[in-house]
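Undergrad: The following file, start.txt, comprises compact mmCIF, C-alpha atoms:
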# COMPACT_ATOMS: atom_id res chain seq x y z
CA MET A 1 19.40 -33.52 -20.11
CA THR A 2 20.49 -29.95 -20.56
CA ASP A 3 21.23 -27.83 -17.54
CA ALA A 4 21.69 -24.50 -19.26
CA ILE A 5 19.94 -21.90 -21.36
CA ARG A 6 21.96 -20.66 -24.31
CA ARG A 7 21.03 -18.01 -26.84
CA GLU A 8 22.84 -16.41 -29.74
CA LEU A 9 21.47 -12.93 -30.24
CA LYS A 10 22.22 -10.51 -33.04
CA PHE A 11 21.79 -6.77 -32.80
CA PRO A 12 22.37 -4.12 -35.48
CA GLN A 13 23.96 -1.83 -32.86
CA PRO A 14 27.72 -1.90 -32.22
CA PRO A 15 29.16 -3.73 -29.17
CA GLU A 16 29.60 -0.47 -27.23
CA ALA A 17 25.86 0.27 -27.46
CA VAL A 18 24.89 -3.27 -26.47
CA TRP A 19 27.42 -3.20 -23.63
CA ARG A 20 25.83 0.01 -22.34
CA ALA A 21 22.40 -1.65 -22.33
CA LEU A 22 23.83 -4.58 -20.36
CA THR A 23 25.81 -2.60 -17.82
CA ASN A 24 24.06 0.71 -17.23
CA SER A 25 21.74 0.50 -14.24
CA ALA A 26 19.09 2.78 -15.76
CA ALA A 27 19.17 0.87 -19.06
CA LEU A 28 18.91 -2.44 -17.21
CA ALA A 29 15.92 -1.11 -15.30
CA GLU A 30 14.24 -0.44 -18.63
CA TRP A 31 14.54 -3.92 -20.14
CA MET A 32 15.32 -6.08 -17.10
CA TYR A 33 14.23 -4.96 -13.64
CA PRO A 34 15.00 -2.29 -11.04
CA ASN A 35 18.54 -2.92 -9.86
CA ASP A 36 21.64 -1.46 -8.26
CA PHE A 37 24.11 -2.84 -10.78
CA GLU A 38 27.60 -1.40 -11.07
CA PRO A 39 30.06 -2.61 -13.69
CA ARG A 40 32.87 -3.79 -11.43
CA VAL A 41 34.00 -7.23 -10.32
CA GLY A 42 32.93 -8.12 -6.77
CA HIS A 43 29.98 -5.72 -6.74
CA HIS A 44 26.90 -7.27 -5.11
CA PHE A 45 23.58 -6.18 -6.54
CA THR A 46 19.95 -7.24 -6.81
CA PHE A 47 17.26 -7.35 -9.44
CA ARG A 48 13.88 -6.64 -7.87
CA VAL A 49 11.24 -8.55 -9.81
CA PRO A 50 7.91 -6.85 -9.05
CA PRO A 51 4.88 -8.76 -7.71
CA LYS A 52 2.70 -10.65 -10.18
CA PRO A 53 -0.60 -12.45 -9.62
CA HIS A 54 1.17 -15.74 -8.86
CA LEU A 55 4.18 -14.11 -7.21
CA GLU A 56 2.57 -12.01 -4.54
CA ASP A 57 5.69 -10.35 -3.15
CA GLY A 58 7.84 -10.42 -6.19
CA LEU A 59 11.28 -11.85 -6.08
CA ILE A 60 14.73 -10.59 -5.21
CA VAL A 61 17.52 -11.99 -7.35
CA GLN A 62 20.88 -11.67 -5.65
CA CYS A 63 23.87 -11.22 -7.90
CA GLU A 64 27.58 -10.64 -7.79
CA VAL A 65 29.67 -9.44 -10.71
CA LEU A 66 32.31 -12.11 -11.43
CA LYS A 67 33.73 -10.76 -14.66
CA CYS A 68 33.43 -7.40 -16.38
CA VAL A 69 35.54 -6.75 -19.48
CA PRO A 70 34.09 -3.89 -21.56
CA PRO A 71 32.75 -4.26 -24.17
CA SER A 72 33.13 -8.01 -24.50
CA GLU A 73 32.38 -10.09 -21.42
CA LEU A 74 30.05 -9.85 -18.42
CA VAL A 75 29.46 -12.67 -15.91
CA PHE A 76 27.40 -12.51 -12.74
CA THR A 77 25.83 -14.93 -10.27
CA TRP A 78 22.06 -15.29 -10.14
CA VAL A 79 20.84 -16.57 -6.77
CA VAL A 80 17.25 -16.85 -5.56
CA SER A 81 16.97 -17.75 -1.87
CA ASN A 82 18.14 -21.33 -1.34
CA PHE A 83 16.34 -22.50 -4.43
CA LEU A 84 18.51 -21.44 -7.27
CA ASN A 85 22.23 -20.79 -7.45
CA THR A 86 23.13 -20.08 -11.04
CA ARG A 87 25.33 -17.95 -13.26
CA VAL A 88 24.60 -15.62 -16.17
CA SER A 89 27.14 -14.70 -18.81
CA TYR A 90 27.21 -12.49 -21.90
CA ARG A 91 29.95 -12.54 -24.51
CA LEU A 92 29.86 -9.80 -27.13
CA GLU A 93 31.54 -9.99 -30.52
CA ALA A 94 31.55 -7.46 -33.32
CA ASP A 95 29.52 -8.80 -36.24
CA GLY A 96 29.91 -6.44 -39.20
CA ASP A 97 28.50 -3.14 -37.94
CA GLY A 98 26.46 -4.96 -35.34
CA THR A 99 26.98 -7.29 -32.41
CA ARG A 100 26.63 -10.98 -31.78
CA VAL A 101 25.87 -11.83 -28.15
CA LEU A 102 26.41 -15.30 -26.77
CA PHE A 103 24.24 -15.63 -23.71
CA GLU A 104 24.36 -18.43 -21.15
CA HIS A 105 22.46 -19.07 -17.94
CA THR A 106 24.02 -22.13 -16.31
CA GLY A 107 24.01 -24.11 -13.08
CA PHE A 108 20.41 -25.33 -12.96
CA GLU A 109 19.92 -28.21 -10.60
CA HIS A 110 19.03 -31.23 -12.61
CA LYS A 111 21.87 -33.29 -11.24
CA GLY A 112 19.81 -34.69 -8.38
CA ALA A 113 17.09 -35.91 -10.71
CA ARG A 114 19.64 -37.39 -13.07
CA THR A 115 21.34 -39.50 -10.42
CA GLY A 116 18.05 -40.38 -8.78
CA ALA A 117 19.13 -38.68 -5.60
CA GLU A 118 16.37 -37.43 -3.40
CA TYR A 119 15.19 -34.53 -5.56
CA GLY A 120 18.57 -32.95 -5.49
CA TRP A 121 17.76 -31.18 -2.27
CA ASN A 122 20.90 -32.27 -0.50
CA VAL A 123 23.01 -31.56 -3.56
CA MET A 124 21.55 -28.09 -3.79
CA HIS A 125 22.20 -27.37 -0.15
CA GLY A 126 25.75 -28.63 -0.39
CA GLN A 127 26.33 -26.27 -3.29
CA LEU A 128 24.71 -23.40 -1.47
CA SER A 129 26.99 -23.89 1.55
CA GLU A 130 29.97 -24.06 -0.78
CA ALA A 131 28.86 -20.90 -2.51
CA LEU A 132 28.39 -19.09 0.79
CA THR A 133 31.75 -20.29 2.08
CA SER A 134 33.57 -19.21 -1.06
CA GLN A 135 31.76 -15.87 -1.02
CA ARG A 136 32.89 -15.27 2.54
CA SER A 137 36.46 -16.29 1.87
CA SER A 138 36.64 -14.13 -1.24
CA ARG A 139 35.57 -10.99 0.63
CA MET B 1 5.67 -25.38 -20.36
CA LEU B 2 5.32 -24.48 -16.72
CA THR B 3 3.12 -27.25 -15.37
CA ALA B 4 3.93 -26.85 -11.68
CA ASP B 5 1.14 -26.42 -9.20
CA PRO B 6 0.38 -22.68 -8.87
CA GLU B 7 -0.28 -23.25 -5.16
CA VAL B 8 3.33 -24.29 -4.72
CA PHE B 9 4.60 -21.22 -6.54
CA ALA B 10 2.36 -18.95 -4.51
CA ALA B 11 3.57 -20.63 -1.34
CA ILE B 12 7.24 -20.10 -2.10
CA SER B 13 6.75 -16.59 -3.43
CA HIS B 14 6.92 -15.15 0.08
CA PRO B 15 10.43 -14.67 1.51
CA ALA B 16 9.32 -15.61 5.05
CA ARG B 17 7.90 -18.90 3.79
CA ARG B 18 11.06 -19.65 1.85
CA ARG B 19 13.03 -19.09 5.06
CA MET B 20 10.65 -21.41 6.92
CA LEU B 21 11.32 -24.12 4.37
CA ASP B 22 15.04 -23.49 4.75
CA LEU B 23 14.73 -23.99 8.51
CA LEU B 24 12.81 -27.23 8.02
CA VAL B 25 15.54 -28.61 5.78
CA GLU B 26 17.68 -28.80 8.90
CA ALA B 27 15.16 -30.55 11.14
CA ASP B 28 11.47 -30.95 11.92
CA CYS B 29 10.48 -27.97 14.06
CA PRO B 30 7.60 -27.08 16.35
CA VAL B 31 5.86 -23.79 15.66
CA ASN B 32 7.63 -22.05 18.57
CA ALA B 33 11.05 -22.85 17.20
CA ILE B 34 10.02 -21.55 13.79
CA ALA B 35 8.45 -18.38 15.23
CA ALA B 36 11.65 -17.65 17.19
CA ASN B 37 13.38 -16.95 13.86
CA PHE B 38 10.89 -14.34 12.74
CA ASP B 39 10.03 -10.86 13.84
CA MET B 40 6.30 -11.36 13.39
CA SER B 41 3.30 -12.31 15.47
CA ARG B 42 2.49 -15.95 16.19
CA PRO B 43 -0.79 -15.76 14.22
CA ALA B 44 1.19 -14.43 11.25
CA VAL B 45 3.66 -17.32 11.53
CA SER B 46 0.78 -19.80 11.78
CA GLN B 47 -0.87 -18.25 8.75
CA HIS B 48 2.30 -18.74 6.69
CA LEU B 49 2.62 -22.32 7.93
CA ARG B 50 -0.99 -22.98 6.97
CA ILE B 51 -0.25 -21.83 3.41
CA LEU B 52 2.75 -24.19 3.30
CA LEU B 53 0.56 -27.02 4.66
CA GLU B 54 -2.15 -26.37 2.09
CA ALA B 55 0.40 -26.40 -0.72
CA GLY B 56 1.62 -29.75 0.61
CA LEU B 57 5.12 -28.39 1.12
CA VAL B 58 5.10 -29.29 4.81
CA THR B 59 3.21 -31.81 6.90
CA GLU B 60 2.60 -32.01 10.64
CA ARG B 61 4.15 -34.87 12.59
CA ARG B 62 3.57 -35.89 16.18
CA TYR B 63 6.53 -36.16 18.53
CA GLY B 64 4.93 -37.31 21.79
CA ARG B 65 2.71 -34.40 22.83
CA GLU B 66 4.35 -32.00 20.45
CA ARG B 67 3.53 -31.36 16.82
CA ARG B 68 6.37 -30.48 14.50
CA TYR B 69 6.45 -29.32 10.92
CA HIS B 70 8.17 -31.56 8.42
CA LEU B 71 9.37 -30.55 4.95
CA THR B 72 7.99 -32.51 2.00
CA PRO B 73 10.81 -31.93 -0.50
CA GLU B 74 9.22 -33.91 -3.34
CA ARG B 75 6.54 -31.22 -3.63
CA LEU B 76 9.26 -28.81 -4.61
CA SER B 77 10.39 -30.86 -7.58
CA PRO B 78 8.10 -29.13 -10.11
CA VAL B 79 9.42 -25.80 -8.87
CA ARG B 80 12.86 -26.97 -9.87
CA ASP B 81 11.75 -26.89 -13.45
CA TRP B 82 13.52 -23.56 -13.57
CA LEU B 83 14.76 -24.11 -17.10
CA ALA B 84 11.32 -23.92 -18.66
CA HIS B 85 10.53 -20.88 -16.54
CA TYR B 86 13.75 -19.08 -17.43
CA GLU B 87 13.65 -19.96 -21.14
CA ARG B 88 10.50 -17.86 -21.35
CA PHE B 89 11.82 -15.25 -18.96
CA TRP B 90 14.96 -14.55 -21.00
CA ASP B 91 13.23 -14.61 -24.41
CA ASP B 92 10.82 -12.04 -23.06
CA ARG B 93 13.65 -9.92 -21.62
CA PHE B 94 15.69 -10.08 -24.83
CA SER B 95 12.81 -8.84 -26.94
CA ARG B 96 12.66 -5.91 -24.50
CA LEU B 97 16.42 -5.44 -24.88
CA LYS B 98 16.01 -5.30 -28.65
CA ARG B 99 13.31 -2.62 -28.34
CA HIS B 100 15.42 -0.73 -25.81
CA LEU B 101 18.36 -0.60 -28.25
CA GLU B 102 16.08 0.54 -31.09
CA ARG B 103 14.75 3.36 -28.93
CA SER B 104 18.29 4.35 -27.90
CA ASP B 105 19.24 4.61 -31.58
CA LYS B 106 16.58 7.24 -32.15
CA ARG B 107 17.60 9.43 -29.23
Just give me the structure as structure tokens.

TA:
Amino acid sequence: MTDAIRRELKFPQPPEAVWRALTNSAALAEWMYPNDFEPRVGHHFTFRVPPKPHLEDGLIVQCEVLKCVPPSELVFTWVVSNFLNTRVSYRLEADGDGTRVLFEHTGFEHKGARTGAEYGWNVMHGQLSEALTSQRSSR
Amino acid sequence: MLTADPEVFAAISHPARRRMLDLLVEADCPVNAIAANFDMSRPAVSQHLRILLEAGLVTERRYGRERRYHLTPERLSPVRDWLAHYERFWDDRFSRLKRHLERSDKR
């Protein structure tokens, strides 16, 4: 069972242009969601997913920049309440005149189901506490 | 792809209800104990709890004369099918990213 989403994307634009789209708050608002992103490690930011018919109040995704190496690597956490504690990463490589982007979204909780544990709830909470503890200690 | 009960998604879409579920992970709670954590009226708290009850995410249990809310974690398992949800989410976002870069080229 996979616990990650991986994509290899190719763009005709050079890495600097793609990097700008990934790390400029206004650009991110255009193709992702409204946000207060800043391209520096340790910066905490949110994506505000607007309400939809089945998501009456929208959703706040809480993130922290873990790695930011222009124009080649960007990693940030992707946390939704207690339900999802994951990580998003982009790696950019020059590909001729264009750019190849290796995208990963990892850390989905399928471990509980795999081991037959009780729906992974305890696992998830353990990981959340760990994440909170390490966040606190790293501040 | 996303086969989870829409009622469950609607129920967890509200931040207050997600916090209520978080509280109930710790222990079964009576409505007073839940309400104490929220800056909202009792009827509002009860309304949220009713939505959680109707979605089957919590049940009521009797403790002597008191009724407490109990989390039903197995109802959340379809919600954990985040992968399917996010596969679509990212593919949609990346097609927007592609269009964004094309537009930027022309500026």

Undergrad: What lies within 9 Å of Val88 in chain A using all atoms listed in the file, ignoring chain neighbours under 5 positions off, as a list in words?

TA: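 Contacts, in chain order: Leu74, Val75, Phe76, Thr77, Trp78, Phe103, Glu104, His105 and Thr106 of chain A.
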
Undergrad: Could you list, as a count of residues only, the residues of chain B having an atom within 9 Å of chain A when counting all atoms listed in the file?

TA: 38

Undergrad: Have a look at CA of Ala29 in chain A and CA of Asp97 in chain A and let me know their distance in Å, one decimal.

TA: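 Atom-to-atom, CA of Ala29 in chain A to CA of Asp97 in chain A, that is 26.0 Å.
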
Undergrad: CA of Pro71 in chain A and CA of Arg107 in chain B are how many Å apart?

TA: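 Computing the Euclidean distance for CA of Pro71 in chain A and CA of Arg107 in chain B yields 21.0 Å.
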
Undergrad: I need every residue sitting at most 6 Å from the point (30.4, -3.6, -29.9) (coordinates as in the file, all atoms listed in the file considered), written as a list in words.

TA: Pro14, Pro15, Glu16, Ala94 and Thr99 of chain A

Undergrad: Which distance in Å separates CA of Gly107 in chain A and CA of Val79 in chain A, to one decimal?

TA: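 CA of Val79 in chain A lies 10.3 Å from CA of Gly107 in chain A.
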
Undergrad: Quick one: range 19-50 of chain A with N, CA and C atoms, as a PDB file, in the first residue's frame?

TA:
ATOM      1  N   TRP A  19      10.363  28.225  -9.840  1.00  0.00           N
ATOM      2  CA  TRP A  19      10.627  28.504  -8.416  1.00  0.00           C
ATOM      3  C   TRP A  19       9.794  29.702  -7.949  1.00  0.00           C
ATOM      4  N   ARG A  20       9.732  30.738  -8.792  1.00  0.00           N
ATOM      5  CA  ARG A  20       8.954  31.926  -8.444  1.00  0.00           C
ATOM      6  C   ARG A  20       7.483  31.543  -8.212  1.00  0.00           C
ATOM      7  N   ALA A  21       6.963  30.695  -9.105  1.00  0.00           N
ATOM      8  CA  ALA A  21       5.549  30.300  -8.978  1.00  0.00           C
ATOM      9  C   ALA A  21       5.308  29.506  -7.692  1.00  0.00           C
ATOM     10  N   LEU A  22       6.351  28.808  -7.232  1.00  0.00           N
ATOM     11  CA  LEU A  22       6.204  27.972  -6.038  1.00  0.00           C
ATOM     12  C   LEU A  22       6.427  28.748  -4.749  1.00  0.00           C
ATOM     13  N   THR A  23       7.109  29.878  -4.843  1.00  0.00           N
ATOM     14  CA  THR A  23       7.552  30.534  -3.609  1.00  0.00           C
ATOM     15  C   THR A  23       7.132  31.992  -3.488  1.00  0.00           C
ATOM     16  N   ASN A  24       6.411  32.511  -4.460  1.00  0.00           N
ATOM     17  CA  ASN A  24       5.919  33.880  -4.353  1.00  0.00           C
ATOM     18  C   ASN A  24       4.472  33.820  -3.882  1.00  0.00           C
ATOM     19  N   SER A  25       4.193  34.518  -2.798  1.00  0.00           N
ATOM     20  CA  SER A  25       2.869  34.417  -2.173  1.00  0.00           C
ATOM     21  C   SER A  25       1.738  34.757  -3.152  1.00  0.00           C
ATOM     22  N   ALA A  26       1.929  35.814  -3.927  1.00  0.00           N
ATOM     23  CA  ALA A  26       0.880  36.225  -4.868  1.00  0.00           C
ATOM     24  C   ALA A  26       0.696  35.166  -5.965  1.00  0.00           C
ATOM     25  N   ALA A  27       1.815  34.602  -6.428  1.00  0.00           N
ATOM     26  CA  ALA A  27       1.729  33.548  -7.453  1.00  0.00           C
ATOM     27  C   ALA A  27       1.031  32.321  -6.880  1.00  0.00           C
ATOM     28  N   LEU A  28       1.392  31.964  -5.648  1.00  0.00           N
ATOM     29  CA  LEU A  28       0.761  30.808  -5.000  1.00  0.00           C
ATOM     30  C   LEU A  28      -0.741  31.017  -4.833  1.00  0.00           C
ATOM     31  N   ALA A  29      -1.116  32.265  -4.543  1.00  0.00           N
ATOM     32  CA  ALA A  29      -2.543  32.557  -4.374  1.00  0.00           C
ATOM     33  C   ALA A  29      -3.274  32.318  -5.686  1.00  0.00           C
ATOM     34  N   GLU A  30      -2.568  32.510  -6.801  1.00  0.00           N
ATOM     35  CA  GLU A  30      -3.209  32.357  -8.099  1.00  0.00           C
ATOM     36  C   GLU A  30      -3.485  30.892  -8.447  1.00  0.00           C
ATOM     37  N   TRP A  31      -2.508  30.008  -8.164  1.00  0.00           N
ATOM     38  CA  TRP A  31      -2.734  28.614  -8.577  1.00  0.00           C
ATOM     39  C   TRP A  31      -2.985  27.665  -7.401  1.00  0.00           C
ATOM     40  N   MET A  32      -2.604  28.090  -6.190  1.00  0.00           N
ATOM     41  CA  MET A  32      -2.950  27.289  -5.007  1.00  0.00           C
ATOM     42  C   MET A  32      -4.110  27.979  -4.301  1.00  0.00           C
ATOM     43  N   TYR A  33      -3.822  28.581  -3.151  1.00  0.00           N
ATOM     44  CA  TYR A  33      -4.859  29.240  -2.365  1.00  0.00           C
ATOM     45  C   TYR A  33      -4.275  30.471  -1.679  1.00  0.00           C
ATOM     46  N   PRO A  34      -5.152  31.340  -1.170  1.00  0.00           N
ATOM     47  CA  PRO A  34      -4.647  32.482  -0.387  1.00  0.00           C
ATOM     48  C   PRO A  34      -3.719  31.979   0.725  1.00  0.00           C
ATOM     49  N   ASN A  35      -2.652  32.705   0.965  1.00  0.00           N
ATOM     50  CA  ASN A  35      -1.603  32.189   1.848  1.00  0.00           C
ATOM     51  C   ASN A  35      -0.763  33.330   2.373  1.00  0.00           C
ATOM     52  N   ASP A  36       0.047  33.047   3.358  1.00  0.00           N
ATOM     53  CA  ASP A  36       1.035  34.024   3.842  1.00  0.00           C
ATOM     54  C   ASP A  36       2.435  33.399   3.813  1.00  0.00           C
ATOM     55  N   PHE A  37       2.705  32.727   2.712  1.00  0.00           N
ATOM     56  CA  PHE A  37       3.997  32.065   2.521  1.00  0.00           C
ATOM     57  C   PHE A  37       5.151  33.067   2.470  1.00  0.00           C
ATOM     58  N   GLU A  38       6.252  32.688   3.063  1.00  0.00           N
ATOM     59  CA  GLU A  38       7.521  33.410   2.872  1.00  0.00           C
ATOM     60  C   GLU A  38       8.609  32.369   2.683  1.00  0.00           C
ATOM     61  N   PRO A  39       9.523  32.624   1.731  1.00  0.00           N
ATOM     62  CA  PRO A  39      10.513  31.593   1.411  1.00  0.00           C
ATOM     63  C   PRO A  39      11.683  31.564   2.391  1.00  0.00           C
ATOM     64  N   ARG A  40      11.406  31.204   3.639  1.00  0.00           N
ATOM     65  CA  ARG A  40      12.523  31.029   4.581  1.00  0.00           C
ATOM     66  C   ARG A  40      12.199  29.899   5.562  1.00  0.00           C
ATOM     67  N   VAL A  41      13.229  29.152   5.890  1.00  0.00           N
ATOM     68  CA  VAL A  41      13.082  27.986   6.765  1.00  0.00           C
ATOM     69  C   VAL A  41      12.569  28.442   8.133  1.00  0.00           C
ATOM     70  N   GLY A  42      11.600  27.702   8.658  1.00  0.00           N
ATOM     71  CA  GLY A  42      11.046  28.010   9.980  1.00  0.00           C
ATOM     72  C   GLY A  42       9.822  28.908   9.914  1.00  0.00           C
ATOM     73  N   HIS A  43       9.533  29.466   8.726  1.00  0.00           N
ATOM     74  CA  HIS A  43       8.356  30.331   8.606  1.00  0.00           C
ATOM     75  C   HIS A  43       7.074  29.492   8.670  1.00  0.00           C
ATOM     76  N   HIS A  44       6.157  29.889   9.546  1.00  0.00           N
ATOM     77  CA  HIS A  44       4.863  29.216   9.639  1.00  0.00           C
ATOM     78  C   HIS A  44       3.855  29.968   8.788  1.00  0.00           C
ATOM     79  N   PHE A  45       3.102  29.238   7.984  1.00  0.00           N
ATOM     80  CA  PHE A  45       2.123  29.898   7.128  1.00  0.00           C
ATOM     81  C   PHE A  45       0.900  29.000   6.958  1.00  0.00           C
ATOM     82  N   THR A  46      -0.147  29.574   6.362  1.00  0.00           N
ATOM     83  CA  THR A  46      -1.356  28.787   6.125  1.00  0.00           C
ATOM     84  C   THR A  46      -1.797  28.941   4.670  1.00  0.00           C
ATOM     85  N   PHE A  47      -2.442  27.892   4.179  1.00  0.00           N
ATOM     86  CA  PHE A  47      -3.241  28.001   2.962  1.00  0.00           C
ATOM     87  C   PHE A  47      -4.693  28.005   3.411  1.00  0.00           C
ATOM     88  N   ARG A  48      -5.456  28.984   2.925  1.00  0.00           N
ATOM     89  CA  ARG A  48      -6.862  29.062   3.304  1.00  0.00           C
ATOM     90  C   ARG A  48      -7.716  28.567   2.141  1.00  0.00           C
ATOM     91  N   VAL A  49      -8.175  27.318   2.271  1.00  0.00           N
ATOM     92  CA  VAL A  49      -9.000  26.712   1.230  1.00  0.00           C
ATOM     93  C   VAL A  49     -10.423  27.232   1.433  1.00  0.00           C
ATOM     94  N   PRO A  50     -10.982  27.915   0.412  1.00  0.00           N
ATOM     95  CA  PRO A  50     -12.296  28.537   0.597  1.00  0.00           C
ATOM     96  C   PRO A  50     -13.417  27.504   0.734  1.00  0.00           C
TER      97      PRO A  50
END
